[in-house]
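The data block below is input38.cif; it holds mmCIF, C-alpha atoms.
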```cif
data_query
loop_
_atom_site.group_PDB
_atom_site.id
_atom_site.type_symbol
_atom_site.label_atom_id
_atom_site.label_comp_id
_atom_site.auth_asym_id
_atom_site.auth_seq_id
_atom_site.Cartn_x
_atom_site.Cartn_y
_atom_site.Cartn_z
ATOM 1 C CA MET A 1 -6.078 31.281 4.950
ATOM 2 C CA THR A 2 -5.093 29.634 1.667
ATOM 3 C CA ASP A 3 -6.825 26.712 -0.016
ATOM 4 C CA MET A 4 -3.942 24.557 1.176
ATOM 5 C CA ASP A 5 -4.639 25.547 4.791
ATOM 6 C CA SER A 6 -8.305 24.540 4.534
ATOM 7 C CA GLN A 7 -7.629 21.090 3.078
ATOM 8 C CA PRO A 8 -7.692 18.253 5.581
ATOM 9 C CA LEU A 9 -4.347 16.588 6.057
ATOM 10 C CA SER A 10 -4.365 12.844 5.688
ATOM 11 C CA ARG A 11 -2.077 9.985 4.874
ATOM 12 C CA THR A 12 -2.670 6.862 2.847
ATOM 13 C CA LEU A 13 -0.884 3.639 3.756
ATOM 14 C CA ALA A 14 -0.129 0.883 1.243
ATOM 15 C CA ILE A 15 0.347 -2.702 2.362
ATOM 16 C CA ASP A 16 2.053 -5.235 0.076
ATOM 17 C CA ILE A 17 1.151 -8.550 1.706
ATOM 18 C CA GLY A 18 3.461 -11.497 1.207
ATOM 19 C CA ASP A 19 3.968 -14.850 2.877
ATOM 20 C CA ALA A 20 7.154 -13.848 4.716
ATOM 21 C CA PHE A 21 7.102 -10.035 4.576
ATOM 22 C CA VAL A 22 4.705 -7.094 4.394
ATOM 23 C CA GLY A 23 6.010 -4.051 2.542
ATOM 24 C CA LEU A 24 4.716 -0.693 3.751
ATOM 25 C CA ALA A 25 4.662 2.734 2.110
ATOM 26 C CA MET A 26 2.717 5.908 2.828
ATOM 27 C CA THR A 27 1.985 9.330 1.446
ATOM 28 C CA ASP A 28 2.911 12.608 3.039
ATOM 29 C CA ARG A 29 0.126 14.561 4.778
ATOM 30 C CA LEU A 30 -0.861 16.282 1.530
ATOM 31 C CA GLY A 31 -1.065 12.997 -0.356
ATOM 32 C CA VAL A 32 1.519 14.220 -2.865
ATOM 33 C CA THR A 33 4.694 12.255 -2.208
ATOM 34 C CA ILE A 34 5.124 8.594 -1.357
ATOM 35 C CA GLU A 35 7.823 7.134 0.821
ATOM 36 C CA PRO A 36 8.677 3.532 1.604
ATOM 37 C CA LEU A 37 8.456 2.891 5.342
ATOM 38 C CA PHE A 38 9.875 -0.511 6.146
ATOM 39 C CA THR A 39 9.328 -4.197 5.633
ATOM 40 C CA LEU A 40 7.544 -6.081 8.365
ATOM 41 C CA ARG A 41 8.721 -9.652 8.830
ATOM 42 C CA ARG A 42 5.590 -11.791 9.171
ATOM 43 C CA THR A 43 5.057 -13.697 12.402
ATOM 44 C CA ARG A 44 1.455 -14.358 13.445
ATOM 45 C CA LEU A 45 -1.512 -12.584 11.857
ATOM 46 C CA LYS A 46 -2.524 -11.127 15.230
ATOM 47 C CA ASP A 47 0.946 -9.657 15.829
ATOM 48 C CA ASP A 48 1.339 -8.415 12.247
ATOM 49 C CA VAL A 49 -1.991 -6.601 12.422
ATOM 50 C CA LYS A 50 -1.158 -5.146 15.846
ATOM 51 C CA ASN A 51 2.093 -3.697 14.455
ATOM 52 C CA ILE A 52 0.280 -2.178 11.489
ATOM 53 C CA ALA A 53 -2.433 -0.710 13.743
ATOM 54 C CA ARG A 54 0.277 0.909 15.869
ATOM 55 C CA LEU A 55 1.817 2.390 12.712
ATOM 56 C CA VAL A 56 -1.587 3.692 11.581
ATOM 57 C CA ARG A 57 -2.079 5.524 14.885
ATOM 58 C CA LYS A 58 1.475 6.885 14.981
ATOM 59 C CA HIS A 59 1.307 8.362 11.466
ATOM 60 C CA GLU A 60 -2.371 9.356 11.633
ATOM 61 C CA ILE A 61 -3.253 7.258 8.597
ATOM 62 C CA THR A 62 -6.781 7.892 7.289
ATOM 63 C CA GLU A 63 -6.844 5.566 4.292
ATOM 64 C CA ILE A 64 -5.383 2.099 3.734
ATOM 65 C CA VAL A 65 -4.901 0.208 0.485
ATOM 66 C CA ALA A 66 -3.819 -3.428 0.381
ATOM 67 C CA GLY A 67 -2.441 -5.231 -2.619
ATOM 68 C CA LEU A 68 -4.775 -7.823 -4.119
ATOM 69 C CA PRO A 69 -2.780 -10.415 -6.088
ATOM 70 C CA LEU A 70 -5.134 -11.267 -8.921
ATOM 71 C CA ASN A 71 -4.370 -13.901 -11.521
ATOM 72 C CA MET A 72 -3.303 -12.524 -14.896
ATOM 73 C CA ASP A 73 -6.838 -13.151 -16.234
ATOM 74 C CA GLY A 74 -8.272 -10.973 -13.432
ATOM 75 C CA THR A 75 -9.698 -13.802 -11.341
ATOM 76 C CA GLU A 76 -9.023 -14.282 -7.648
ATOM 77 C CA GLY A 77 -7.076 -17.290 -6.433
ATOM 78 C CA LYS A 78 -5.815 -18.540 -3.080
ATOM 79 C CA ARG A 79 -3.347 -15.635 -2.610
ATOM 80 C CA ALA A 80 -6.146 -13.107 -3.142
ATOM 81 C CA LEU A 81 -8.214 -14.783 -0.429
ATOM 82 C CA VAL A 82 -5.276 -14.643 2.002
ATOM 83 C CA SER A 83 -4.764 -10.948 1.201
ATOM 84 C CA ARG A 84 -8.454 -10.184 1.709
ATOM 85 C CA GLU A 85 -8.382 -11.917 5.095
ATOM 86 C CA PHE A 86 -5.304 -9.920 6.109
ATOM 87 C CA ALA A 87 -6.932 -6.671 4.916
ATOM 88 C CA GLU A 88 -10.090 -7.434 6.887
ATOM 89 C CA ALA A 89 -8.058 -8.069 10.037
ATOM 90 C CA VAL A 90 -6.281 -4.716 9.549
ATOM 91 C CA ALA A 91 -9.634 -2.974 9.035
ATOM 92 C CA GLN A 92 -11.006 -4.450 12.251
ATOM 93 C CA ALA A 93 -7.894 -3.510 14.228
ATOM 94 C CA THR A 94 -7.719 0.070 12.926
ATOM 95 C CA GLY A 95 -11.358 0.981 12.362
ATOM 96 C CA ILE A 96 -10.414 2.092 8.847
ATOM 97 C CA ALA A 97 -11.862 0.379 5.780
ATOM 98 C CA VAL A 98 -9.102 -1.228 3.713
ATOM 99 C CA VAL A 99 -9.369 -0.968 -0.053
ATOM 100 C CA CYS A 100 -8.088 -4.049 -1.868
ATOM 101 C CA PHE A 101 -6.447 -2.943 -5.111
ATOM 102 C CA ASP A 102 -5.101 -4.966 -8.035
ATOM 103 C CA GLU A 103 -1.376 -5.437 -7.528
ATOM 104 C CA ARG A 104 -0.569 -7.457 -10.645
ATOM 105 C CA LEU A 105 2.940 -6.728 -11.882
ATOM 106 C CA THR A 106 3.909 -4.496 -8.929
ATOM 107 C CA THR A 107 6.723 -6.859 -7.943
ATOM 108 C CA ARG A 108 8.024 -6.915 -11.516
ATOM 109 C CA GLU A 109 7.959 -3.096 -11.580
ATOM 110 C CA ALA A 110 9.732 -3.007 -8.202
ATOM 111 C CA HIS A 111 12.474 -5.319 -9.535
ATOM 112 C CA GLU A 112 12.905 -3.061 -12.580
ATOM 113 C CA ARG A 113 13.199 0.049 -10.415
ATOM 114 C CA LEU A 114 15.794 -1.590 -8.167
ATOM 115 C CA ASN A 115 17.752 -2.754 -11.215
ATOM 116 C CA GLN A 116 17.690 0.751 -12.698
ATOM 117 C CA ALA A 117 18.900 2.166 -9.391
ATOM 118 C CA GLY A 118 21.789 -0.307 -9.394
ATOM 119 C CA TYR A 119 20.591 -2.037 -6.241
ATOM 120 C CA GLY A 120 22.365 -5.341 -5.644
ATOM 121 C CA THR A 121 20.960 -8.652 -4.520
ATOM 122 C CA GLN A 122 21.927 -8.456 -0.830
ATOM 123 C CA ASN A 123 18.790 -7.879 1.319
ATOM 124 C CA ARG A 124 16.867 -7.179 -1.886
ATOM 125 C CA LYS A 125 13.749 -9.058 -0.745
ATOM 126 C CA GLU A 126 13.106 -6.731 2.174
ATOM 127 C CA VAL A 127 13.602 -3.616 0.063
ATOM 128 C CA LEU A 128 11.644 -5.170 -2.800
ATOM 129 C CA ASP A 129 8.455 -5.364 -0.734
ATOM 130 C CA GLN A 130 8.755 -1.692 0.236
ATOM 131 C CA VAL A 131 9.235 -0.667 -3.393
ATOM 132 C CA ALA A 132 6.284 -2.870 -4.398
ATOM 133 C CA ALA A 133 4.184 -1.022 -1.790
ATOM 134 C CA VAL A 134 5.287 2.288 -3.335
ATOM 135 C CA VAL A 135 4.286 1.061 -6.813
ATOM 136 C CA LEU A 136 0.943 -0.153 -5.429
ATOM 137 C CA LEU A 137 0.266 3.219 -3.812
ATOM 138 C CA GLU A 138 1.248 5.143 -6.954
ATOM 139 C CA SER A 139 -1.137 3.017 -9.025
ATOM 140 C CA TYR A 140 -3.956 3.361 -6.522
ATOM 141 C CA LEU A 141 -3.620 7.156 -6.263
ATOM 142 C CA ALA A 142 -3.421 7.525 -10.049
ATOM 143 C CA GLU A 143 -6.604 5.470 -10.471
ATOM 144 C CA LYS A 144 -8.331 7.455 -7.731
ATOM 145 C CA ALA A 145 -7.364 10.778 -9.376
ATOM 146 C CA TYR A 146 -8.520 9.511 -12.773
ATOM 147 C CA ARG A 147 -11.920 8.506 -11.389
ATOM 148 C CA ALA A 148 -12.312 11.825 -9.574
ATOM 149 C CA ALA A 149 -11.479 13.732 -12.762
ATOM 150 C CA ARG A 150 -14.057 11.753 -14.736
ATOM 151 C CA GLU A 151 -16.747 12.418 -12.114
ATOM 152 C CA THR A 152 -16.077 16.161 -11.911
ATOM 153 C CA PRO A 153 -18.350 18.132 -14.259
ATOM 154 C CA PRO A 154 -16.492 20.321 -16.747
ATOM 155 C CA VAL A 155 -16.145 24.010 -15.927
ATOM 156 C CA VAL A 156 -18.057 26.150 -18.415
#
```

What is this structure when it is put down as structure tokens?
Amino acid sequence: MTDMDSQPLSRTLAIDIGDAFVGLAMTDRLGVTIEPLFTLRRTRLKDDVKNIARLVRKHEITEIVAGLPLNMDGTEGKRALVSREFAEAVAQATGIAVVCFDERLTTREAHERLNQAGYGTQNRKEVLDQVAAVVLLESYLAEKAYRAARETPPVV
């Protein structure tokens, strides 16, 4: 058995919460690659959360991160409160704690990536939220790896 065989397989889901859409992205089972899933068109909170819970079960998600839209000065405004409420509803429906993670500038980064890829304006909003979820998940995993590296004692 290799080290890879003994590592638990898990997936992390990223949720980019907007007023009209929720962008979703997830890692592979090793937590190495990230793929956009789809964009959920918002209806009612109860239905949105039910759809996400179904997705969590289907893909055996073990960790969830939700975008937290902070103001540029780092404070929380009305949008952050809405996102926290959505994240809490997802946590209750799935039984998995949802980490709220700073999503400032993820939409700008998503626009830049779509521009670089030559993606046009038709249906851009739906794809944009998926790409923003990918950016959110990349940032979250990078921060998590950085913290883990800082907490690991050096090998002597």

Item to check | For atom CA of Arg11 of chain A and atom CA of Leu105 of chain A, the interatomic separation in Å (one decimal) | outcome: 24.2 Å

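Comparing the minimum interatomic distances between Glu103 of chain A and each of A:Ile64, A:Val82, A:Ala133, A:Ala142, counting only C-alpha atoms, we find that A:Ala133 sits nearest.
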
Item to check | Residue contacts of Ala89 of chain A (10 Å, only C-alpha atoms) excluding same-chain residues fewer than 2 positions away, as an MDAnalysis selection string | outcome: chainID A and resid 45:46 48:50 53 83:87 91:95 98

Written file, previous selection with C-alpha atoms, as a JSON list (two decimals), in the frame of the given file:
```json
[["chain", "number", "residue", "atom", "x", "y", "z"],
["A", 45, "LEU", "CA", -1.51, -12.58, 11.86],
["A", 46, "LYS", "CA", -2.52, -11.13, 15.23],
["A", 48, "ASP", "CA", 1.34, -8.41, 12.25],
["A", 49, "VAL", "CA", -1.99, -6.60, 12.42],
["A", 50, "LYS", "CA", -1.16, -5.15, 15.85],
["A", 53, "ALA", "CA", -2.43, -0.71, 13.74],
["A", 83, "SER", "CA", -4.76, -10.95, 1.20],
["A", 84, "ARG", "CA", -8.45, -10.18, 1.71],
["A", 85, "GLU", "CA", -8.38, -11.92, 5.10],
["A", 86, "PHE", "CA", -5.30, -9.92, 6.11],
["A", 87, "ALA", "CA", -6.93, -6.67, 4.92],
["A", 91, "ALA", "CA", -9.63, -2.97, 9.04],
["A", 92, "GLN", "CA", -11.01, -4.45, 12.25],
["A", 93, "ALA", "CA", -7.89, -3.51, 14.23],
["A", 94, "THR", "CA", -7.72, 0.07, 12.93],
["A", 95, "GLY", "CA", -11.36, 0.98, 12.36],
["A", 98, "VAL", "CA", -9.10, -1.23, 3.71]]
```

Next on the checklist: Under the rule that all atoms listed in the file are counted, which of A:Thr107, A:Thr33, A:Thr43, A:Asn123 is the nearest residue to Ala20 of chain A?
Outcome noted: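 That would be A:Thr43, the residue with the smallest distance to Ala20 of chain A.
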
Item to check | Atom-to-atom span, atom CA of Ile17 of chain A and atom CA of Cys100 of chain A, Å | outcome: 10.9 Å

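Using all atoms listed in the file, the shortest contact distance between Val99 of chain A and any of A:Gly23, A:Gly74, A:Gly120, A:Gly67 is found at A:Gly67.
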
Next on the checklist: Taking 6 positions as the minimum chain separation for residues in the same chain, which residues sit within 10 Å of His111 of chain A when counting all atoms listed in the file? Answer as a ChimeraX atom specification.
Outcome noted: /A:105,117,119,124-125,127-129,131-132

Item to check | Nearest candidate to Met72 of chain A (options A:Ile52, A:Asp102, A:Leu24, A:Glu88; using only C-alpha atoms) | outcome: A:Asp102

Next on the checklist: Counting all atoms listed in the file, which residue out of A:Asp19, A:Glu76, A:Asp28, A:Glu138 sits closest to Thr106 of chain A?
Outcome noted: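 Among A:Asp19, A:Glu76, A:Asp28, A:Glu138, it is A:Glu138 that comes nearest to Thr106 of chain A.
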
Checklist entry - Between A:Arg113, A:Ile96, A:Phe101, A:Gln130, which one has atoms that come closest to Glu143 of chain A, using all atoms listed in the file? => result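 Ranked by minimum distance to Glu143 of chain A, first place goes to A:Phe101.
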